[in-house]
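Here is the structure we will look at, set down as structure tokens.
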Amino acid sequence: RGTTPRAGRQQPTAENAGSGTMATAAAANPQTTELEALLASWREEQHRVSSQVAILDDPPTTGANVMFGAQYKIVSNDGNDGRLYGGVDVSFPENEGDPSVAVYVVVSDGEIVYEASETFQLKVPYISSYLSFREIEPLERLVKKQMKERPEFTPRAILVDGNGIMHERKAGIACFLGVRTGLRTIGVGKTLYCQDGLSTKLVSSGVIERVQEFQQLCEKGILSSRELAKLKSERGLVFDQRSIDAKNSAEAKTDKKDMKGFIRDLFPFCSGFAMKLRGMDGTIWGAALVAHGGKITSSKREKSGTKNPIFVSIGHGISLEEAVQVCAELALARIPEPIRMADLKGRELMRKAAMS
């Protein structure tokens, strides 16, 4: 999706954070001690938030929801009709110094039932791995105001444009919002937070390889007729029980250009295809989700889910499986609707501000 340009916001990685960032900042700013003290206080707060994050276990796997020797788990659509889900997004201006806008929406059955926004001036500089401190205050105010003044619209969970525990200190913006409000939150990243041996190239190769394997099972008659019938009748989320592992994964031989065809072939069988992401130290940081969406298309085009993954992680008070399931069910396109709607509202407000 298109997004409002975000001044100075680049993809955070573990490799370009920490001491290297401080050294660079120190070279430009003689007040090195103040910067180091600031980062130390931020890290302390990140560790405090991380220690309070509630990570729930995935539901147990049973014989009724697995297939192909328990290699794949079918997560049935949960029927989120009528349930409330929130979405938050922050839009930044093209010109540095202009105000930014934070947006919070609550969605039910694809319609916005509550919305609020706050225009604010950026006071915190961009420093990799500390992005939460630029955005959390207005988002926290918006959510707490809704909880106090319109509690009937308190959502079952809030989807956040940013990471949850998929962060080097397990304290992304979704964790901050969840811990500070007490609500369940889900981190949704459009790009991979590279750390713990998980690189963009490695994960991209793993996604292509796993999608191709499952596509061949569906298309070449390897699955039984009973399994294929179950897939088509349920058309739920398929979770590959093998993680993409930073220790053992190798680059796939399949060309990325083939992904579009693989994803198109999977559309009748599932509403999304997910793989957990395991780092070098064994930590499951989140999951890559592809083949979801595909519900916003012209009548002339063949329906197909998205070939570009989103990266889902636990924010607070939820299991990874449910977080991925919610994202898949709420996605008409690549980005789940609560976040997409918040983003569209934010861009609309930015355009109006630019014209006035």
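Residue numbers start at 1 in each chain; chains themselves are named A, B, ... in the order of the structure tokens; ligands are numbered from 1 in the order shown.
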
Quick one: which region 30-128 of chain A residues come within 9 Å of region 332-347 of chain A, and what is the nearest atom pair for each with the distance in Å to one decimal, counting only C-alpha atoms, rows ordered by chain and ascending number, as a Markdown table?
```
| residue | atom | partner | partner_atom | distance |
| --- | --- | --- | --- | --- |
| A:Tyr85 | CA | A:Pro338 | CA | 6.8 |
| A:Gly86 | CA | A:Pro338 | CA | 5.8 |
| A:Gly87 | CA | A:Pro338 | CA | 4.3 |
| A:Val88 | CA | A:Ala342 | CA | 5.8 |
| A:Asp89 | CA | A:Asp343 | CA | 5.6 |
| A:Val90 | CA | A:Gly346 | CA | 7.0 |
| A:Ser91 | CA | A:Gly346 | CA | 5.7 |
| A:Phe92 | CA | A:Gly346 | CA | 9.0 |
| A:Val101 | CA | A:Gly346 | CA | 6.4 |
| A:Ala102 | CA | A:Gly346 | CA | 6.9 |
| A:Val103 | CA | A:Ala342 | CA | 5.7 |
| A:Tyr104 | CA | A:Ala342 | CA | 6.1 |
| A:Val105 | CA | A:Ala342 | CA | 5.9 |
| A:Val106 | CA | A:Pro338 | CA | 7.0 |
| A:Val107 | CA | A:Pro338 | CA | 6.2 |
| A:Gly110 | CA | A:Glu337 | CA | 7.2 |
| A:Ile112 | CA | A:Met341 | CA | 8.1 |
| A:Glu115 | CA | A:Ala342 | CA | 8.5 |
| A:Ser117 | CA | A:Gly346 | CA | 8.0 |
```

For the helix (DSSP H, G or I) assignment from backbone DSSP, which residues of region 109-200 of chain A qualify? Please present them as a PyMOL selection string. chain A and resi 132-149+151-153+173-181+200

- When DSSP works through the backbone of this structure, what residues of region 54-237 of chain A end up as strand (DSSP E), shown as a VMD selection string? chain A and resid 55 to 56 66 to 67 72 to 75 85 to 91 100 to 108 111 to 120 157 to 161 185 to 189 237

Skip Ser224 (chain A) itself and residues of its chain fewer than 4 positions away, then list as a list in words all residues within 9 Å of it, counting only C-alpha atoms.
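Near neighbours after the sequence-gap exclusion: Phe68, Leu228 and Ala229 of chain A.
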
Q | Nearby residues (only C-alpha atoms) at most 7 Å from region 255-266 of chain A, same-chain spacing under 6 positions excluded, as a PyMOL selection string | A | chain A and resi 208+211-212+215+291+304-305+307

Kindly give the distance, in Å, that separates CA of Ile165 (chain A) and CA of Glu140 (chain A), rounded to a single decimal.
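One can read the CA of Ile165 (chain A) to CA of Glu140 (chain A) distance as 18.0 Å.
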
- Task: Excluding Ser313 (chain A) and any residue of its chain fewer than 6 positions from it, enumerate the residues within 12 Å of it, using only C-alpha atoms, and give them as JSON, numbers by chain.
- Result: {"A": [55, 56, 159, 160, 161, 162, 163, 164, 165, 166, 167, 170, 171, 172, 173, 174, 175, 185, 186, 187, 188, 189, 190, 192, 193, 274, 275, 276, 277, 284, 285, 286, 287, 288, 289, 319, 320, 321, 322, 323, 324, 325, 326, 327]}

Would you output that residue set with C-alpha atoms, as a short mmCIF file (atom, residue, chain, number, x, y, z; two decimals), in the first residue's frame?
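Generated file (out.cif):
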```cif
data_model
loop_
_atom_site.label_atom_id
_atom_site.label_comp_id
_atom_site.auth_asym_id
_atom_site.auth_seq_id
_atom_site.Cartn_x
_atom_site.Cartn_y
_atom_site.Cartn_z
CA ILE A 55 2.68 -13.86 25.78
CA LEU A 56 -0.02 -16.52 25.52
CA LEU A 159 -3.54 -3.93 15.43
CA VAL A 160 -0.49 -1.68 15.44
CA ASP A 161 1.49 -0.42 12.46
CA GLY A 162 4.83 -1.57 13.88
CA ASN A 163 6.41 -4.48 15.70
CA GLY A 164 5.61 -6.19 18.96
CA ILE A 165 8.20 -8.51 20.49
CA MET A 166 9.94 -8.71 17.10
CA HIS A 167 12.45 -6.21 18.44
CA LYS A 170 11.30 -7.44 22.75
CA ALA A 171 9.68 -4.05 23.18
CA GLY A 172 8.26 -2.70 19.94
CA ILE A 173 5.50 -0.09 19.72
CA ALA A 174 2.76 -2.75 19.94
CA CYS A 175 4.19 -3.93 23.27
CA THR A 185 -2.22 -5.77 20.84
CA ILE A 186 -0.77 -7.22 17.64
CA GLY A 187 2.35 -5.94 15.88
CA VAL A 188 2.13 -5.78 12.08
CA GLY A 189 5.36 -4.97 10.25
CA LYS A 190 5.52 -4.29 6.51
CA LEU A 192 11.29 -7.54 8.46
CA TYR A 193 13.04 -6.42 11.64
CA ALA A 274 2.04 -18.53 7.74
CA MET A 275 5.49 -19.58 8.94
CA LYS A 276 7.08 -18.86 12.31
CA LEU A 277 10.43 -17.06 12.38
CA ILE A 284 10.32 -17.38 17.97
CA TRP A 285 10.10 -13.69 17.13
CA GLY A 286 6.92 -13.73 15.07
CA ALA A 287 5.56 -15.08 11.81
CA ALA A 288 5.58 -14.26 8.12
CA LEU A 289 2.08 -14.21 6.60
CA SER A 319 -0.84 -15.87 21.25
CA LEU A 320 1.09 -15.75 18.00
CA GLU A 321 -1.38 -18.09 16.31
CA GLU A 322 -4.37 -15.90 17.19
CA ALA A 323 -2.47 -12.76 16.19
CA VAL A 324 -1.79 -14.20 12.73
CA GLN A 325 -5.34 -15.53 12.42
CA VAL A 326 -6.81 -12.12 13.21
CA CYS A 327 -4.55 -10.44 10.64
#
```

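Shortest separation to Cys218 (chain A) among A:Gly317, A:Pro151, A:Gly294, A:Pro268 occurs at residue A:Pro268, atoms counted being only C-alpha atoms.
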
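Distances from A:Arg134, A:Arg242, A:Arg141, A:Phe311 to Glu209 (chain A) were compared using only C-alpha atoms, and the smallest one belongs to A:Arg242.
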
Between A:Ser128, A:Leu202, A:Gln46, A:Ser76, which one has atoms that come closest to Lys230 (chain A), using only C-alpha atoms?
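Checking each of A:Ser128, A:Leu202, A:Gln46, A:Ser76 against Lys230 (chain A), counting only C-alpha atoms, the winner is A:Ser76.
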